[in-house]
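Colleague: File structure_34.cif follows (mmCIF, C-alpha atoms and all ligand atoms):
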data_structure
loop_
_atom_site.label_atom_id
_atom_site.label_comp_id
_atom_site.auth_asym_id
_atom_site.auth_seq_id
_atom_site.Cartn_x
_atom_site.Cartn_y
_atom_site.Cartn_z
CA MET R 1 0.00 0.00 0.00
CA LEU R 2 2.80 2.39 0.95
CA SER R 3 6.31 1.62 -0.13
CA VAL R 4 9.29 3.79 0.87
CA LYS R 5 12.57 2.71 -0.75
CA ASN R 6 16.06 4.03 0.01
CA VAL R 7 14.79 7.56 0.57
CA LYS R 8 17.24 10.34 1.40
CA LYS R 9 16.72 14.02 2.13
CA SER R 10 19.26 16.66 3.01
CA PHE R 11 18.61 20.31 3.77
CA ASN R 12 22.18 21.48 3.37
CA GLY R 13 23.28 20.21 0.00
CA GLY R 14 24.17 16.71 1.12
CA LYS R 15 26.39 17.55 4.13
CA THR R 16 23.98 15.95 6.60
CA PHE R 17 20.85 13.94 5.94
CA ALA R 18 17.60 14.63 7.82
CA VAL R 19 16.43 11.32 6.32
CA ASP R 20 19.21 8.91 5.46
CA ASP R 21 18.41 5.95 3.23
CA ILE R 22 15.22 4.71 4.85
CA SER R 23 13.02 1.87 3.58
CA PHE R 24 9.79 0.38 4.87
CA ASP R 25 6.45 -0.94 3.60
CA VAL R 26 2.98 -0.46 5.03
CA HIS R 27 0.62 -3.26 4.01
CA SER R 28 -3.14 -3.27 3.61
CA SER R 29 -5.17 -3.76 6.81
CA GLU R 30 -2.27 -2.41 8.81
CA ILE R 31 -1.78 0.44 11.30
CA PHE R 32 1.87 1.41 11.10
CA GLY R 33 3.41 3.69 13.75
CA PHE R 34 6.40 5.89 12.97
CA LEU R 35 8.28 6.67 16.17
CA GLY R 36 11.35 8.71 16.97
CA PRO R 37 12.73 11.48 19.18
CA ASN R 38 12.48 15.19 18.31
CA GLY R 39 14.33 16.03 15.12
CA ALA R 40 14.64 12.36 14.10
CA GLY R 41 13.17 12.86 10.62
CA LYS R 42 9.50 11.88 11.04
CA THR R 43 7.88 15.01 9.62
CA THR R 44 10.46 15.22 6.82
CA THR R 45 9.55 11.65 5.84
CA ILE R 46 5.83 12.39 6.00
CA LYS R 47 6.29 15.52 3.87
CA MET R 48 8.04 13.44 1.22
CA ILE R 49 5.33 10.75 1.31
CA THR R 50 2.65 13.41 0.84
CA GLY R 51 4.48 15.26 -1.93
CA LEU R 52 5.23 18.41 0.09
CA LEU R 53 9.00 17.88 -0.16
CA GLN R 54 11.07 16.50 -3.03
CA LEU R 55 13.23 13.44 -2.38
CA ASP R 56 16.99 13.70 -2.93
CA SER R 57 16.98 10.04 -3.95
CA GLY R 58 14.93 6.87 -3.57
CA SER R 59 11.27 6.35 -4.36
CA ILE R 60 7.86 6.37 -2.68
CA GLU R 61 4.79 4.57 -4.00
CA ILE R 62 1.33 5.07 -2.56
CA ASN R 63 -1.11 2.34 -3.51
CA GLY R 64 1.21 1.57 -6.42
CA VAL R 65 1.46 5.19 -7.63
CA ASP R 66 4.83 6.99 -7.54
CA ILE R 67 4.52 10.32 -5.72
CA GLN R 68 7.26 11.91 -7.82
CA LYS R 69 6.20 10.56 -11.22
CA ASP R 70 2.42 10.98 -10.86
CA PRO R 71 1.79 13.30 -7.90
CA ILE R 72 -1.86 14.07 -8.68
CA GLU R 73 -2.87 10.41 -8.93
CA ALA R 74 -0.75 9.55 -5.87
CA LYS R 75 -2.49 12.29 -3.87
CA ARG R 76 -5.89 10.76 -4.68
CA GLN R 77 -4.79 7.66 -2.75
CA PHE R 78 -4.39 9.22 0.70
CA SER R 79 -5.56 11.83 3.18
CA PHE R 80 -3.09 13.80 5.20
CA VAL R 81 -3.49 15.31 8.65
CA PRO R 82 -0.45 17.50 9.42
CA ASP R 83 0.89 18.09 12.92
CA SER R 84 -0.32 21.69 13.01
CA PRO R 85 -3.73 22.29 11.48
CA GLU R 86 -3.54 25.03 8.84
CA VAL R 87 -7.02 26.06 7.77
CA PHE R 88 -8.45 28.94 5.76
CA ASP R 89 -9.41 31.06 8.76
CA LYS R 90 -12.06 33.14 7.02
CA LEU R 91 -14.04 30.11 5.83
CA LYS R 92 -16.76 28.57 7.95
CA GLY R 93 -16.14 24.95 8.97
CA VAL R 94 -18.83 23.68 6.60
CA GLU R 95 -17.41 25.72 3.70
CA TYR R 96 -13.99 24.20 4.29
CA LEU R 97 -15.44 20.68 4.31
CA ASN R 98 -17.41 21.33 1.13
CA PHE R 99 -14.28 22.71 -0.49
CA LEU R 100 -12.44 19.47 0.32
CA GLY R 101 -15.46 17.46 -0.84
CA ASP R 102 -15.21 19.30 -4.20
CA VAL R 103 -11.44 18.77 -4.45
CA TYR R 104 -11.82 15.01 -3.90
CA GLY R 105 -15.05 14.69 -5.89
CA VAL R 106 -17.14 13.32 -3.01
CA GLU R 107 -20.74 13.15 -4.19
CA SER R 108 -23.29 15.23 -2.34
CA LYS R 109 -25.22 12.47 -0.52
CA LYS R 110 -22.07 10.80 0.84
CA ARG R 111 -20.60 14.18 1.73
CA ILE R 112 -23.64 15.17 3.80
CA GLU R 113 -23.74 11.75 5.53
CA ARG R 114 -20.05 11.81 6.40
CA ILE R 115 -20.02 15.42 7.61
CA GLU R 116 -23.01 14.60 9.84
CA LYS R 117 -21.38 11.39 11.12
CA TYR R 118 -17.95 12.79 11.90
CA ALA R 119 -19.03 16.24 13.11
CA THR R 120 -21.36 14.48 15.57
CA LEU R 121 -18.63 12.06 16.65
CA PHE R 122 -16.10 14.86 17.22
CA GLU R 123 -18.73 17.17 18.77
CA LEU R 124 -18.18 19.92 16.23
CA LYS R 125 -21.66 20.20 14.74
CA HIS R 126 -22.51 23.34 16.69
CA ALA R 127 -19.51 25.18 15.21
CA LEU R 128 -19.76 24.20 11.54
CA ASN R 129 -21.35 27.52 10.60
CA ASP R 130 -18.75 29.60 12.44
CA PRO R 131 -15.67 31.03 10.73
CA MET R 132 -12.67 28.88 11.58
CA MET R 133 -10.77 31.88 12.96
CA SER R 134 -12.98 31.43 16.04
CA TYR R 135 -11.92 27.77 16.49
CA SER R 136 -9.59 26.56 19.24
CA HIS R 137 -6.50 24.55 18.26
CA GLY R 138 -8.30 21.28 19.02
CA MET R 139 -11.36 22.33 16.99
CA LYS R 140 -9.12 23.16 14.02
CA GLN R 141 -7.52 19.76 14.37
CA LYS R 142 -10.93 18.11 14.38
CA ILE R 143 -12.11 19.94 11.25
CA VAL R 144 -8.92 18.93 9.43
CA LEU R 145 -9.53 15.33 10.53
CA ILE R 146 -13.14 15.40 9.31
CA GLY R 147 -11.90 16.83 6.00
CA ALA R 148 -9.41 13.98 5.75
CA LEU R 149 -12.14 11.42 6.40
CA LEU R 150 -14.53 12.76 3.75
CA HIS R 151 -13.23 10.83 0.75
CA GLU R 152 -12.42 7.58 2.58
CA PRO R 153 -8.99 7.15 0.95
CA GLU R 154 -6.93 3.97 0.78
CA ILE R 155 -4.33 5.35 3.18
CA PHE R 156 -4.46 7.78 6.08
CA VAL R 157 -1.23 9.63 6.73
CA LEU R 158 -1.27 11.41 10.07
CA ASP R 159 1.50 13.43 11.73
CA GLU R 160 1.10 13.36 15.53
CA PRO R 161 -2.69 13.01 15.31
CA MET R 162 -3.40 12.67 19.04
CA VAL R 163 -1.70 15.91 20.10
CA GLY R 164 -4.27 18.54 21.04
CA LEU R 165 -7.25 16.18 20.92
CA ASP R 166 -9.32 15.67 24.08
CA PRO R 167 -9.42 12.06 25.36
CA LYS R 168 -12.85 11.32 23.89
CA SER R 169 -11.85 12.53 20.43
CA ALA R 170 -8.55 10.64 20.65
CA PHE R 171 -10.55 7.51 21.50
CA HIS R 172 -12.84 8.03 18.49
CA LEU R 173 -9.86 8.62 16.22
CA LYS R 174 -8.33 5.31 17.34
CA GLU R 175 -11.65 3.58 16.61
CA ILE R 176 -11.76 5.18 13.15
CA MET R 177 -8.20 4.01 12.47
CA ASN R 178 -9.18 0.46 13.44
CA GLU R 179 -12.33 0.52 11.30
CA HIS R 180 -10.31 1.83 8.37
CA CYS R 181 -7.94 -1.14 8.63
CA GLN R 182 -10.76 -3.62 8.97
CA LYS R 183 -11.90 -2.45 5.52
CA GLY R 184 -8.50 -3.56 4.14
CA LYS R 185 -7.06 -0.04 4.04
CA SER R 186 -4.06 1.26 5.96
CA VAL R 187 -2.92 3.96 8.38
CA PHE R 188 0.53 5.46 8.68
CA PHE R 189 1.05 7.84 11.58
CA SER R 190 3.83 9.40 13.59
CA THR R 191 3.60 9.67 17.34
CA HIS R 192 5.51 10.34 20.52
CA VAL R 193 2.81 8.59 22.53
CA LEU R 194 4.30 5.14 22.92
CA GLU R 195 1.32 3.71 24.83
CA VAL R 196 -0.90 4.50 21.83
CA ALA R 197 1.59 2.92 19.44
CA GLU R 198 1.85 -0.17 21.63
CA LYS R 199 -1.92 -0.51 21.80
CA ILE R 200 -3.04 0.09 18.23
CA CYS R 201 -0.14 -0.52 15.82
CA ASN R 202 0.33 -3.76 13.94
CA ARG R 203 3.89 -2.72 13.19
CA VAL R 204 6.16 0.21 14.01
CA ALA R 205 9.43 1.70 12.78
CA ILE R 206 11.74 3.71 15.00
CA ILE R 207 13.73 6.46 13.28
CA ASN R 208 16.69 8.17 14.94
CA LYS R 209 18.99 10.76 13.36
CA GLY R 210 17.47 10.06 9.97
CA LYS R 211 18.00 6.29 10.04
CA ILE R 212 15.53 3.52 10.79
CA ILE R 213 17.04 1.67 13.71
CA ALA R 214 14.29 -0.90 14.26
CA GLN R 215 11.07 -2.02 12.62
CA GLY R 216 8.61 -4.84 13.08
CA THR R 217 5.71 -5.86 15.28
CA ILE R 218 5.80 -4.77 18.92
CA GLU R 219 6.54 -8.43 19.79
CA GLU R 220 9.48 -8.51 17.37
CA LEU R 221 10.88 -5.32 18.88
CA LYS R 222 10.43 -6.69 22.39
CA ASN R 223 12.33 -9.83 21.38
CA MET R 224 15.27 -7.63 20.37
CA THR R 225 15.83 -6.80 24.04
CA LYS R 226 17.02 -9.10 26.80
CA ASN R 227 14.06 -8.80 29.15
CA ASN R 228 11.14 -8.49 26.74
CA GLU R 229 10.72 -4.88 27.82
CA SER R 230 7.95 -2.32 27.23
CA LEU R 231 7.99 -0.26 24.05
CA GLU R 232 9.04 2.73 26.16
CA ASN R 233 12.15 0.92 27.40
CA ILE R 234 12.96 -0.36 23.92
CA PHE R 235 12.60 3.17 22.55
CA LEU R 236 14.82 4.66 25.27
CA GLU R 237 17.42 1.93 24.84
CA LEU R 238 17.60 2.24 21.06
CA THR R 239 17.58 6.04 20.85
CA GLU R 240 19.96 6.91 23.68
CA GLU R 241 23.08 8.90 22.73
N1 LIG R 301 13.12 23.12 6.19
C1 LIG R 301 14.18 22.68 6.86
N2 LIG R 301 15.39 23.29 6.72
C2 LIG R 301 16.48 22.83 7.39
N3 LIG R 301 16.47 21.78 8.23
C3 LIG R 301 15.30 21.15 8.41
C4 LIG R 301 14.09 21.56 7.74
N4 LIG R 301 13.08 20.73 8.13
C5 LIG R 301 13.63 19.85 9.00
N5 LIG R 301 14.94 20.09 9.15
C6 LIG R 301 15.86 19.33 10.00
O1 LIG R 301 15.68 17.94 9.69
C7 LIG R 301 15.78 17.16 10.88
C8 LIG R 301 14.53 16.32 11.02
O2 LIG R 301 13.42 17.18 11.31
P1 LIG R 301 11.92 16.64 11.38
O3 LIG R 301 11.03 17.83 11.48
O4 LIG R 301 11.69 15.69 10.27
O5 LIG R 301 11.94 15.84 12.75
P2 LIG R 301 10.76 15.14 13.58
O6 LIG R 301 11.18 13.72 13.81
O7 LIG R 301 9.45 15.34 12.89
O8 LIG R 301 10.82 15.93 14.94
P3 LIG R 301 9.68 16.33 16.02
O9 LIG R 301 9.33 15.07 16.75
O10 LIG R 301 10.40 17.30 16.89
O11 LIG R 301 8.53 16.94 15.28
C9 LIG R 301 16.03 18.12 12.03
O12 LIG R 301 17.41 18.17 12.29
C10 LIG R 301 15.54 19.45 11.48
O13 LIG R 301 16.25 20.54 12.04
#
Take the structure in the file and give it back as structure tokens.

Modeller:
Amino acid sequence: MLSVKNVKKSFNGGKTFAVDDISFDVHSSEIFGFLGPNGAGKTTTIKMITGLLQLDSGSIEINGVDIQKDPIEAKRQFSFVPDSPEVFDKLKGVEYLNFLGDVYGVESKKRIERIEKYATLFELKHALNDPMMSYSHGMKQKIVLIGALLHEPEIFVLDEPMVGLDPKSAFHLKEIMNEHCQKGKSVFFSTHVLEVAEKICNRVAIINKGKIIAQGTIEELKNMTKNNESLENIFLELTEE
């Protein structure tokens, strides 16, 4: 579903690599967690997957479509929720969602049903007719999430999706991720919240200083350590200086 092969990215003309020859695959029906300390290269990787940054070398295929060779078709395959929600402040919530519905060609009946479903779930219905400049950070995050859910893509790509969400909304998001995978689709998300990763991911990769230092199921990662430790201990052990 998502295939990242030998990808490199430097911001200073090749002197140091923010992402240094990483490879991994996310399969269908899989929730894949991308973990790593601050500055490890998570957001840079996600920006390359979503076509916001050019790769120095390597290749990325989303549902079989190369993001560099056919960016428009590749972008039809996924939804992206960035770590900081950037919305068009002057638009009302409902106008923003309809705009996204138009961009992704979501037909009117489905659009109305999904807006109703997700706005109710994330308790945002009351604010849909307000301009988004009046929204709190969490409300902006929710409207971006609803927008990302509108066209039910093959792959969800989420950068730190739990940050800023209240516990109930975080719970619903986890449920939505699970449902998405049960339909044979996949989720790729970055997180610092190791408990969440441990609970909901089928597989994870840990990136540190631009390199993937471990990947596999939580069980496989635990087996890499002597005492079958928690994901937190594994993470600390593998990423320490
Ligand atoms: N536009 C840029 N110009 C120069 N350096 C950059 C740029 N974007 C990222 N970097 C550098 O690339 C490295 C990886 O950054 P990135 O944002 O991918 O990390 P991250 O794992 O997402 O971190 P965090 O968990 O703190 O969000 C860092 O050293 C960062 O300073």

Colleague: When you count all atoms listed in the file, which of these residues is closest to Arg203 of chain R: R:Lys183, R:Lys168, R:His27, R:Lys69?

Modeller: R:His27

Colleague: Compare R:Asn129, R:Ser28, R:Ser84, R:Ser108 by their minimum atom-to-atom distance to Gly64 of chain R, counting all atoms listed in the file, and give me the closest one.

Modeller: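 Answer, going by the shortest atom-to-atom distance: R:Ser28.
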
Colleague: Any idea what the distance is between atom CA of Lys209 of chain R and atom N2 of ligand LIG 301 (chain R)?

Modeller: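 Here the two named atoms are 14.6 Å from each other.
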
Colleague: Any residue with an atom at most 9 Å from ligand LIG 301 (chain R) counts, using all atoms listed in the file. Which are they? Put them as a VMD selection string.

Modeller: chain R and resid 9 to 12 16 to 19 35 to 47 83 159 to 160 190 to 192 207 to 210

Colleague: Which is closer to Leu2 of chain R than all the others in R:Glu219, R:Glu152, R:Glu195, R:Asp66, using only C-alpha atoms?

Modeller: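 Among R:Glu219, R:Glu152, R:Glu195, R:Asp66, it is R:Asp66 that comes nearest to Leu2 of chain R.
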
Colleague: Between R:Ile155, R:Leu150, R:Tyr96, R:Leu121, which is the closest to Ser3 of chain R once you count all atoms listed in the file?

Modeller: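 Checking each of R:Ile155, R:Leu150, R:Tyr96, R:Leu121 against Ser3 of chain R, counting all atoms listed in the file, the winner is R:Ile155.
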
Colleague: What separation in Å, quoted to one decimal, exists between atom CA of Val106 of chain R and atom CA of Phe156 of chain R?

Modeller: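 Separation between atom CA of Val106 of chain R and atom CA of Phe156 of chain R: 16.6 Å.
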
Colleague: Considering all atoms listed in the file, give me a table of residues in segment 105-179 of chain R that are at most 7 Å from segment 71-82 of chain R, with the closest atom pair and distance in Å for each, as JSON lines.

Modeller:
{"residue": "R:Val144", "atom": "CA", "partner": "R:Val81", "partner_atom": "CA", "distance": 6.6}
{"residue": "R:Leu145", "atom": "CA", "partner": "R:Val81", "partner_atom": "CA", "distance": 6.3}
{"residue": "R:Ala148", "atom": "CA", "partner": "R:Ser79", "partner_atom": "CA", "distance": 5.1}
{"residue": "R:Pro153", "atom": "CA", "partner": "R:Phe78", "partner_atom": "CA", "distance": 5.1}
{"residue": "R:Glu154", "atom": "CA", "partner": "R:Gln77", "partner_atom": "CA", "distance": 5.5}
{"residue": "R:Ile155", "atom": "CA", "partner": "R:Phe78", "partner_atom": "CA", "distance": 4.6}
{"residue": "R:Phe156", "atom": "CA", "partner": "R:Ser79", "partner_atom": "CA", "distance": 5.1}
{"residue": "R:Val157", "atom": "CA", "partner": "R:Phe80", "partner_atom": "CA", "distance": 4.8}
{"residue": "R:Leu158", "atom": "CA", "partner": "R:Val81", "partner_atom": "CA", "distance": 4.7}
{"residue": "R:Asp159", "atom": "CA", "partner": "R:Pro82", "partner_atom": "CA", "distance": 5.1}

Colleague: Do you know which residues lie at most 6 Å from (-13.2, 27.5, 9.7), with coordinates as in the file and only C-alpha atoms counted, and could you write them as a list in words?

Modeller: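 Protein, DNA and RNA residues close to (-13.2, 27.5, 9.7): Asp89, Leu91, Lys92, Gly93, Pro131, Met132 and Met133 of chain R.
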
Colleague: Which is closest to Leu165 of chain R among R:Gln182, R:His151, R:Phe122, R:Val196, if we use all atoms listed in the file?

Modeller: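 Looking at the shortest contact to Leu165 of chain R, the residue is R:Phe122.
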
Colleague: For atom CA of Phe188 of chain R and atom CA of Ile31 of chain R, quote the distance in Å rounded to one decimal.

Modeller: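 Between atom CA of Phe188 of chain R and atom CA of Ile31 of chain R the gap works out to 6.1 Å.
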
Colleague: Quick one: residues within 8 Å of segment 175-180 of chain R, all atoms listed in the file counted, chain neighbours fewer than 4 positions away excluded, as a compact mmCIF listing (two decimals) with C-alpha atoms, in the frame of the given file?

Modeller:
# COMPACT_ATOMS: atom_id res chain seq x y z
CA SER R 29 -5.17 -3.76 6.81
CA ILE R 31 -1.78 0.44 11.30
CA PHE R 171 -10.55 7.51 21.50
CA GLY R 184 -8.50 -3.56 4.14
CA LYS R 185 -7.06 -0.04 4.04
CA SER R 186 -4.06 1.26 5.96
CA VAL R 187 -2.92 3.96 8.38
CA ILE R 200 -3.04 0.09 18.23

Colleague: With only C-alpha atoms as the basis for distance, which of R:Leu55, R:Cys181, R:Ile115, R:Met1 is at the shortest distance from Ile22 of chain R?

Modeller: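 Going through R:Leu55, R:Cys181, R:Ile115, R:Met1 one by one, the smallest distance to Ile22 of chain R is for R:Leu55.
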
Colleague: Give as a ChimeraX atom specification each residue that has an atom at most 9 Å from (16.1, 3.1, 21.9) in the file, counting only C-alpha atoms.

Modeller: /R:36,206,208,213-214,232-240

Colleague: Env of Lys199 of chain R: 10 Å cut, atoms = only C-alpha atoms, seq-sep filter 5 positions within chain, self excluded. Answer as a ChimeraX atom specification.

Modeller: /R:174,194,218

Colleague: As a PDB file, in the coordinates of the input, could you write out segment 187-199 of chain R once it has been completed with N, CA and C atoms?

Modeller:
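Once everything was written out, this is selection.pdb:
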ATOM      1  N   VAL R 187      -3.187   2.702   7.670  1.00  0.00           N
ATOM      2  CA  VAL R 187      -2.920   3.960   8.380  1.00  0.00           C
ATOM      3  C   VAL R 187      -1.434   4.050   8.663  1.00  0.00           C
ATOM      4  N   PHE R 188      -0.864   5.204   8.339  1.00  0.00           N
ATOM      5  CA  PHE R 188       0.530   5.460   8.680  1.00  0.00           C
ATOM      6  C   PHE R 188       0.550   6.729   9.531  1.00  0.00           C
ATOM      7  N   PHE R 189       1.052   6.630  10.753  1.00  0.00           N
ATOM      8  CA  PHE R 189       1.050   7.840  11.580  1.00  0.00           C
ATOM      9  C   PHE R 189       2.290   7.932  12.455  1.00  0.00           C
ATOM     10  N   SER R 190       2.698   9.180  12.696  1.00  0.00           N
ATOM     11  CA  SER R 190       3.830   9.400  13.590  1.00  0.00           C
ATOM     12  C   SER R 190       3.290   9.715  14.973  1.00  0.00           C
ATOM     13  N   THR R 191       4.033   9.337  15.983  1.00  0.00           N
ATOM     14  CA  THR R 191       3.600   9.670  17.340  1.00  0.00           C
ATOM     15  C   THR R 191       4.763   9.624  18.324  1.00  0.00           C
ATOM     16  N   HIS R 192       4.603  10.436  19.373  1.00  0.00           N
ATOM     17  CA  HIS R 192       5.510  10.340  20.520  1.00  0.00           C
ATOM     18  C   HIS R 192       4.850   9.533  21.637  1.00  0.00           C
ATOM     19  N   VAL R 193       3.556   9.241  21.453  1.00  0.00           N
ATOM     20  CA  VAL R 193       2.810   8.590  22.530  1.00  0.00           C
ATOM     21  C   VAL R 193       2.969   7.073  22.382  1.00  0.00           C
ATOM     22  N   LEU R 194       3.930   6.536  23.119  1.00  0.00           N
ATOM     23  CA  LEU R 194       4.300   5.140  22.920  1.00  0.00           C
ATOM     24  C   LEU R 194       3.202   4.175  23.358  1.00  0.00           C
ATOM     25  N   GLU R 195       2.417   4.588  24.361  1.00  0.00           N
ATOM     26  CA  GLU R 195       1.320   3.710  24.830  1.00  0.00           C
ATOM     27  C   GLU R 195       0.322   3.513  23.697  1.00  0.00           C
ATOM     28  N   VAL R 196       0.047   4.602  22.951  1.00  0.00           N
ATOM     29  CA  VAL R 196      -0.900   4.500  21.830  1.00  0.00           C
ATOM     30  C   VAL R 196      -0.326   3.564  20.774  1.00  0.00           C
ATOM     31  N   ALA R 197       0.943   3.760  20.456  1.00  0.00           N
ATOM     32  CA  ALA R 197       1.590   2.920  19.440  1.00  0.00           C
ATOM     33  C   ALA R 197       1.517   1.449  19.857  1.00  0.00           C
ATOM     34  N   GLU R 198       1.827   1.211  21.123  1.00  0.00           N
ATOM     35  CA  GLU R 198       1.850  -0.170  21.630  1.00  0.00           C
ATOM     36  C   GLU R 198       0.469  -0.810  21.539  1.00  0.00           C
ATOM     37  N   LYS R 199      -0.555   0.019  21.784  1.00  0.00           N
ATOM     38  CA  LYS R 199      -1.920  -0.510  21.800  1.00  0.00           C
ATOM     39  C   LYS R 199      -2.482  -0.760  20.410  1.00  0.00           C
TER      40      LYS R 199
END
